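**Q** You'll find data_27.txt just under this line, and it carries compact mmCIF, C-alpha atoms and all ligand atoms.
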# COMPACT_ATOMS: atom_id res chain seq x y z
CA MET A 849 121.64 106.44 96.96
CA THR A 850 120.42 103.62 99.16
CA THR A 851 117.49 103.29 101.55
CA GLU A 852 119.08 100.44 103.54
CA ARG A 853 118.52 100.80 107.26
CA PRO A 854 119.79 98.88 110.29
CA LEU A 855 117.34 96.28 111.56
CA ASP A 856 115.74 97.02 114.91
CA ARG A 857 112.17 97.01 116.26
CA ARG A 858 111.45 100.34 114.58
CA SER A 859 112.64 98.85 111.28
CA ALA A 860 110.00 96.15 111.55
CA ARG A 861 107.38 98.89 111.88
CA THR A 862 108.65 101.14 109.10
CA ALA A 863 110.25 98.73 106.60
CA VAL A 864 107.20 98.56 104.35
CA VAL A 865 106.99 102.37 104.14
CA TRP A 866 110.69 102.74 103.28
CA GLU A 867 110.43 99.92 100.73
CA THR A 868 107.45 101.59 99.02
CA LEU A 869 109.20 104.97 98.92
CA GLN A 870 112.48 103.54 97.65
CA PRO A 871 111.72 104.00 93.91
CA ILE A 872 110.66 107.61 94.59
CA LEU A 873 113.60 108.45 96.87
CA GLY A 874 116.18 106.55 94.83
CA GLY A 875 116.37 109.12 92.02
CA ASP A 876 117.29 112.79 91.64
CA PRO A 877 117.14 115.11 94.67
CA LEU A 878 113.56 116.12 95.47
CA ASP A 879 111.91 118.92 97.41
CA VAL A 880 110.28 117.03 100.27
CA LEU A 881 107.82 118.44 102.80
CA ASP A 882 107.31 116.33 105.93
CA ILE A 883 104.17 117.68 107.58
CA GLY A 884 104.06 116.71 111.25
CA GLY A 885 107.54 115.29 110.79
CA GLY A 886 108.09 115.45 114.54
CA THR A 887 111.53 114.47 115.75
CA GLY A 888 112.64 113.53 112.22
CA GLY A 889 112.39 109.75 112.23
CA PHE A 890 111.66 109.86 108.50
CA ALA A 891 112.85 113.34 107.58
CA VAL A 892 116.45 112.77 108.61
CA GLY A 893 116.57 109.46 106.76
CA VAL A 894 115.22 111.17 103.63
CA ALA A 895 117.74 114.03 103.94
CA ARG A 896 120.54 111.45 104.23
CA LEU A 897 119.53 110.25 100.76
CA GLY A 898 120.34 113.70 99.37
CA HIS A 899 116.89 115.29 99.27
CA ARG A 900 115.98 118.83 100.36
CA VAL A 901 113.70 118.28 103.34
CA THR A 902 111.47 120.73 105.20
CA VAL A 903 109.66 119.63 108.36
CA VAL A 904 106.61 121.57 109.53
CA ASP A 905 105.43 120.64 113.01
CA PRO A 906 103.62 122.58 115.79
CA SER A 907 105.84 121.17 118.57
CA PRO A 908 108.96 123.21 119.41
CA ASP A 909 110.29 120.26 121.45
CA ALA A 910 109.95 117.91 118.50
CA LEU A 911 111.68 120.42 116.21
CA ALA A 912 114.56 120.81 118.69
CA ALA A 913 114.97 117.01 118.78
CA LEU A 914 114.84 116.95 114.97
CA ASP A 915 117.60 119.56 114.83
CA ARG A 916 119.80 117.50 117.20
CA ARG A 917 119.15 114.31 115.23
CA ALA A 918 120.00 115.99 111.91
CA ARG A 919 123.23 117.46 113.34
CA GLU A 920 124.28 114.08 114.74
CA VAL A 921 124.28 112.56 111.26
CA GLY A 922 125.54 115.71 109.51
CA VAL A 923 122.52 116.55 107.35
CA SER A 924 120.52 119.70 106.96
CA VAL A 925 116.73 119.71 107.47
CA GLU A 926 114.75 122.94 107.47
CA ALA A 927 112.54 122.94 110.58
CA ARG A 928 109.50 125.25 110.68
CA GLN A 929 106.93 125.57 113.41
CA GLY A 930 103.51 125.30 111.80
CA ASP A 931 100.25 123.46 111.53
CA LEU A 932 98.46 121.42 108.91
CA ALA A 933 95.37 123.60 109.34
CA THR A 934 97.24 126.83 108.52
CA LEU A 935 99.95 125.51 106.21
CA ASP A 936 102.23 128.32 105.07
CA VAL A 937 104.13 126.64 102.24
CA ALA A 938 104.30 127.92 98.65
CA PRO A 939 101.76 126.25 96.33
CA GLY A 940 103.30 123.85 93.82
CA SER A 941 106.67 123.76 95.61
CA ALA A 942 107.03 120.10 96.68
CA ASP A 943 107.83 116.94 94.73
CA LEU A 944 106.91 114.74 97.67
CA VAL A 945 104.82 115.37 100.77
CA LEU A 946 105.09 112.99 103.71
CA CYS A 947 102.03 113.03 105.97
CA HIS A 948 102.73 110.22 108.41
CA GLY A 949 100.61 109.80 111.52
CA VAL A 950 99.16 113.30 111.33
CA LEU A 951 95.85 113.26 109.44
CA GLU A 952 94.39 111.39 112.41
CA VAL A 953 94.67 114.54 114.55
CA ALA A 954 93.81 117.10 111.86
CA GLY A 955 90.63 119.04 112.70
CA ASP A 956 89.34 118.77 109.13
CA PRO A 957 90.99 115.95 107.14
CA VAL A 958 89.46 117.05 103.83
CA ALA A 959 90.76 120.62 104.17
CA ALA A 960 94.15 119.28 105.31
CA LEU A 961 94.50 117.00 102.28
CA ALA A 962 93.35 119.79 99.97
CA ALA A 963 96.15 121.99 101.38
CA LEU A 964 98.69 119.19 100.74
CA HIS A 965 97.36 118.77 97.19
CA ALA A 966 97.99 122.49 96.57
CA VAL A 967 101.57 122.28 97.92
CA LEU A 968 102.50 119.56 95.41
CA ARG A 969 103.84 120.19 91.92
CA PRO A 970 101.77 118.56 89.14
CA GLY A 971 102.75 114.88 89.23
CA GLY A 972 104.13 115.29 92.76
CA ARG A 973 103.38 112.56 95.27
CA LEU A 974 101.76 112.28 98.65
CA SER A 975 102.90 109.56 101.07
CA LEU A 976 100.05 109.16 103.54
CA LEU A 977 100.41 106.94 106.60
CA LEU A 978 97.22 106.51 108.62
CA ALA A 979 95.90 104.57 111.60
CA GLN A 980 93.52 101.87 110.45
CA ARG A 981 90.22 101.39 112.23
CA ASN A 982 89.71 97.65 111.51
CA ALA A 983 92.95 96.75 113.28
CA ALA A 984 91.95 98.84 116.30
CA VAL A 985 88.62 96.99 116.45
CA ILE A 986 90.47 93.65 116.42
CA ALA A 987 92.93 94.82 119.11
CA ARG A 988 90.10 95.87 121.43
CA ALA A 989 88.20 92.64 120.88
CA MET A 990 91.33 90.55 121.56
CA ALA A 991 91.82 92.45 124.82
CA GLY A 992 88.26 91.52 125.82
CA HIS A 993 86.87 95.05 125.33
CA PHE A 994 83.98 93.86 123.17
CA THR A 995 81.66 96.84 123.69
CA GLU A 996 84.46 99.28 122.83
CA ALA A 997 85.30 97.19 119.76
CA ALA A 998 81.70 97.31 118.57
CA ALA A 999 81.50 101.07 119.16
CA LEU A 1000 84.63 101.62 117.09
CA LEU A 1001 83.40 99.70 114.03
CA ASP A 1002 81.98 102.73 112.21
CA ASP A 1003 83.46 105.48 114.37
CA THR A 1004 85.04 108.14 112.14
CA SER A 1005 85.25 110.74 114.93
CA PRO A 1006 88.60 111.92 116.36
CA THR A 1007 88.38 109.92 119.60
CA GLY A 1008 91.15 109.68 122.20
CA ARG A 1009 94.84 110.51 122.03
CA THR A 1010 95.38 108.82 118.66
CA GLY A 1011 92.59 110.72 116.89
CA ARG A 1012 90.46 109.34 114.08
CA ARG A 1013 91.10 106.11 112.24
CA PHE A 1014 90.40 105.26 108.61
CA THR A 1015 89.59 102.26 106.47
CA ALA A 1016 91.30 101.76 103.12
CA ALA A 1017 88.05 102.60 101.32
CA GLU A 1018 87.58 105.83 103.30
CA ALA A 1019 91.17 106.96 102.71
CA THR A 1020 90.95 106.18 98.99
CA SER A 1021 87.67 108.03 98.66
CA LEU A 1022 89.07 111.09 100.48
CA LEU A 1023 92.06 111.23 98.12
CA THR A 1024 90.23 110.61 94.86
CA GLY A 1025 87.58 113.15 95.84
CA LEU A 1026 90.30 115.80 95.96
CA GLY A 1027 91.80 114.90 92.57
CA PHE A 1028 94.61 112.61 93.75
CA THR A 1029 95.32 109.40 91.87
CA VAL A 1030 96.05 106.56 94.31
CA GLU A 1031 99.06 104.52 93.13
CA SER A 1032 99.38 102.00 95.93
CA ILE A 1033 97.97 100.92 99.29
CA HIS A 1034 100.09 98.86 101.66
CA GLY A 1035 99.28 97.39 105.05
CA VAL A 1036 101.89 98.42 107.63
CA ARG A 1037 102.51 96.64 110.96
CA VAL A 1038 100.36 93.60 110.22
CA PHE A 1039 102.32 91.51 112.75
CA ALA A 1040 104.92 93.89 114.20
CA ASP A 1041 102.67 95.13 117.02
CA LEU A 1042 101.52 91.62 117.95
CA VAL A 1043 105.01 90.21 118.53
CA PRO A 1044 106.48 90.52 122.04
CA GLY A 1045 109.54 92.79 122.05
CA SER A 1046 111.46 90.19 124.08
CA LEU A 1047 111.11 87.69 121.24
CA LEU A 1048 112.76 90.08 118.80
CA ASP A 1049 115.50 90.93 121.29
CA LEU A 1050 116.33 87.32 122.22
CA GLU A 1051 115.81 85.35 119.02
CA PRO A 1052 118.71 85.92 116.58
CA GLY A 1053 117.51 86.80 113.08
CA SER A 1054 113.88 87.22 114.13
CA THR A 1055 113.68 90.95 113.32
CA ALA A 1056 114.95 90.33 109.78
CA ALA A 1057 112.45 87.50 109.36
CA LEU A 1058 109.63 89.69 110.67
CA VAL A 1059 110.57 92.49 108.25
CA GLU A 1060 110.47 89.97 105.38
CA LEU A 1061 107.06 88.74 106.52
CA GLU A 1062 105.71 92.30 106.79
CA GLN A 1063 106.91 92.97 103.25
CA ALA A 1064 105.42 89.72 101.98
CA VAL A 1065 101.91 90.49 103.28
CA ALA A 1066 101.84 94.28 102.80
CA GLN A 1067 100.03 94.12 99.46
CA ARG A 1068 97.89 91.06 100.08
CA SER A 1069 94.34 92.36 100.35
CA GLU A 1070 93.32 89.62 102.80
CA PHE A 1071 95.82 91.02 105.36
CA LEU A 1072 95.01 94.70 104.83
CA PRO A 1073 92.28 94.90 107.53
CA LEU A 1074 94.78 93.53 110.11
CA ALA A 1075 97.36 96.25 109.55
CA THR A 1076 97.75 98.84 112.32
CA GLN A 1077 98.46 101.45 109.64
CA LEU A 1078 97.70 101.99 105.97
CA HIS A 1079 100.28 103.53 103.66
CA LEU A 1080 98.87 105.19 100.56
CA VAL A 1081 100.96 106.76 97.82
CA ALA A 1082 99.05 109.11 95.54
CA HIS A 1083 99.93 111.74 92.95
CA ARG A 1084 98.21 114.94 91.92
C1 LIG B 1 102.53 110.41 115.68
S1 LIG B 1 103.65 111.75 115.45
C2 LIG B 1 104.31 111.33 113.85
C3 LIG B 1 105.68 111.88 113.62
C4 LIG B 1 106.30 111.54 112.28
N1 LIG B 1 105.48 111.99 111.16
C5 LIG B 1 106.59 110.06 112.15
O1 LIG B 1 105.96 109.38 111.35
O2 LIG B 1 107.46 109.57 112.87
C6 LIG B 1 102.53 113.09 115.09
C7 LIG B 1 103.22 114.40 114.82
O3 LIG B 1 102.26 115.31 114.30
C8 LIG B 1 102.45 116.58 114.90
N2 LIG B 1 101.16 117.27 114.83
C9 LIG B 1 100.12 117.22 115.70
N3 LIG B 1 99.12 118.03 115.27
C10 LIG B 1 99.53 118.56 114.10
C11 LIG B 1 98.93 119.48 113.19
N4 LIG B 1 97.71 119.96 113.39
N5 LIG B 1 99.64 119.85 112.10
C12 LIG B 1 100.87 119.34 111.87
N6 LIG B 1 101.49 118.45 112.70
C13 LIG B 1 100.83 118.09 113.81
C14 LIG B 1 102.93 116.27 116.30
O4 LIG B 1 103.63 117.37 116.88
C15 LIG B 1 103.83 115.06 116.05
O5 LIG B 1 105.14 115.46 115.79
For the file at hand, write its structure as structure tokens.
**A**
Amino acid sequence: MTTERPLDRRSARTAVVWETLQPILGGDPLDVLDIGGGTGGFAVGVARLGHRVTVVDPSPDALAALDRRAREVGVSVEARQGDLATLDVAPGSADLVLCHGVLEVAGDPVAALAALHAVLRPGGRLSLLLAQRNAAVIARAMAGHFTEAAALLDDTSPTGRTGRRFTAAEATSLLTGLGFTVESIHGVRVFADLVPGSLLDLEPGSTAALVELEQAVAQRSEFLPLATQLHLVAHR
């Protein structure tokens, strides 16, 4: 099995996540639950590696798009309409849970993570991708929105369309408080969102070089606060 993917702008944003999951996804077939898997950007890729993937998402439109995407590449993904707050999945049934870009909009993040903990088999892993608050503060300040930036510094409330944001310390504390053991924390999209799309389109080889740079800084603690997202892998 291989996790190689074609290089495009999305690759620059997701390369670090795929790279981190490669040792987990490179072995025997796993039972994978992708909560809030949406249109299947990750789920279909994981199914292509031979894993049994279930996506639970509240959006019927997203699930229809997921179904089309899975058919196009000839893989099977079980699509279920559902919600993180009322998760109807058998306890202890998953080897790997993907929760990417969803905890931000969960009504109660602690209850949501507790439900994901219960769904995992002992030793099973959670891949948690979250919006990071420090990067959002920097983005607002760089756009000249200094008052907004200051207000966001310690704001853990679910504000706006993107929902709540987390720091690495907050995410780690949430997970350990529920009995997870955090294995790794990577910074995702340290530079990818700062680079103009036209540069990547026009400059040959620049996407590959950006992916390499993202991978090189992902585990350097000094770059972690700059990352748009945090990727934590934890086991129960
Ligand atoms: C930002 S998208 C992320 C999609 C996908 N996980 C990815 O990384 O490409 C957020 C997804 O979460 C779903 N979602 C929103 N609220 C949810 C909830 N309470 N429980 C589960 N999924 C939810 C949305 O329908 C959407 O598909």
**Q** Find the residues of chain A that sit at most 6 Å from ligand LIG 1 (chain B); for each, write down the nearest two atoms and how far apart they are in Å, to one decimal. Count only C-alpha atoms and all ligand atoms. Sort by chain, then by number going up, and give it as a Markdown table.
**A**
| residue | atom | partner | partner_atom | distance |
| --- | --- | --- | --- | --- |
| A:Ile883 | CA | B:LIG1 | C12 | 5.7 |
| A:Gly884 | CA | B:LIG1 | N6 | 3.4 |
| A:Gly885 | CA | B:LIG1 | N1 | 3.9 |
| A:Gly886 | CA | B:LIG1 | O5 | 3.2 |
| A:Gly889 | CA | B:LIG1 | O2 | 5.0 |
| A:Asp905 | CA | B:LIG1 | N6 | 4.5 |
| A:Pro906 | CA | B:LIG1 | O4 | 5.3 |
| A:Ser907 | CA | B:LIG1 | O4 | 4.7 |
| A:Asp931 | CA | B:LIG1 | N5 | 3.7 |
| A:Leu932 | CA | B:LIG1 | N5 | 3.7 |
| A:Ala933 | CA | B:LIG1 | N4 | 5.9 |
| A:His948 | CA | B:LIG1 | N1 | 4.3 |
| A:Gly949 | CA | B:LIG1 | C1 | 4.6 |
| A:Val950 | CA | B:LIG1 | O3 | 4.7 |
| A:Val953 | CA | B:LIG1 | N3 | 5.7 |
| A:Ala954 | CA | B:LIG1 | N4 | 5.1 |
**Q** Which residues come within 8 Å of range 1060-1071 of chain A, counting all atoms listed in the file, excluding same-chain residues fewer than 3 positions away, as a PyMOL selection string?
**A** chain A and resi 860+863-864+1033-1040+1056-1057+1074-1075
**Q** List the neighbours of Gly875 in chain A out to 12 Å using only C-alpha atoms; skip same-chain residues closer than 2 positions along the sequence, and give me the result as a list of chain:residue names.
**A**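 Surrounding residues, per the criterion: A:Met849, A:Thr850, A:Thr851, A:Leu869, A:Gln870, A:Pro871, A:Ile872, A:Leu873, A:Pro877, A:Leu878, A:Val894, A:Leu897, A:Gly898, A:His899, A:Asp943.
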**Q** For Leu911 in chain A, please output as a VMD selection string all residues within 12 Å (counting all atoms listed in the file; exclusion window: fewer than 5 positions along the same chain).
**A** chain A and resid 882 to 889 891 to 892 902 to 906 916 to 918 925 to 930
**Q** Would you mind reading off the distance between CA of Ser975 in chain A and CA of Pro1006 in chain A, one decimal, in Å?
**A** 21.1 Å
**Q** For a test of reading the model, state the distance in Å between CA of Arg1012 in chain A and CA of Gly940 in chain A, rounded to one decimal.
**A** 28.0 Å
**Q** Need to verify the contact set: Ala1082 in chain A, 6 Å, only C-alpha atoms, exclusion of same-chain residues closer than 4 positions in sequence. Can you return it as a list of chain:residue names?
**A**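 Those residues are A:Arg973, A:Leu974, A:Phe1028, A:Thr1029, A:Val1030, A:Glu1031.
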**Q** Skipping near chain neighbours, those fewer than 3 positions away, what residues fall within 10 Å of Leu1048 in chain A using only C-alpha atoms, listed as a PyMOL selection string?
**A** chain A and resi 856-857+860+1040+1043-1045+1051-1058
**Q** Counting all atoms listed in the file, figure out which residue out of A:Ala963, A:Ala987, A:Ala1016, A:Val937 gets nearest to Val880 in chain A.
**A** A:Val937
**Q** What is the distance, in Å and to one decimal place, between CA of Gly1011 in chain A and CA of Leu977 in chain A?
**A**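 The value is 13.5 Å.
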**Q** Let me have the centre and edge lengths in Å, one decimal, of the box along x, y and z around every listed atom of range 990-1006 of chain A with 3 Å of margin on each side, as AutoDock Vina command-line options.
**A**
--center_x 86.7 --center_y 101.2 --center_z 119.0 --size_x 16.3 --size_y 27.4 --size_z 19.7
**Q** Nearest to Val901 in chain A: which of A:Val958, A:Leu1026, A:Ala983, A:Leu881 is it, counting only C-alpha atoms?
**A**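 Of all the options, A:Leu881 lies closest to Val901 in chain A.
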**Q** Restricting the calculation to only C-alpha atoms, which member of A:Arg919, A:Arg861, A:Arg988, A:His965 is positioned closest to Leu1022 in chain A?
**A**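 Going through A:Arg919, A:Arg861, A:Arg988, A:His965 one by one, the smallest distance to Leu1022 in chain A is for A:His965.
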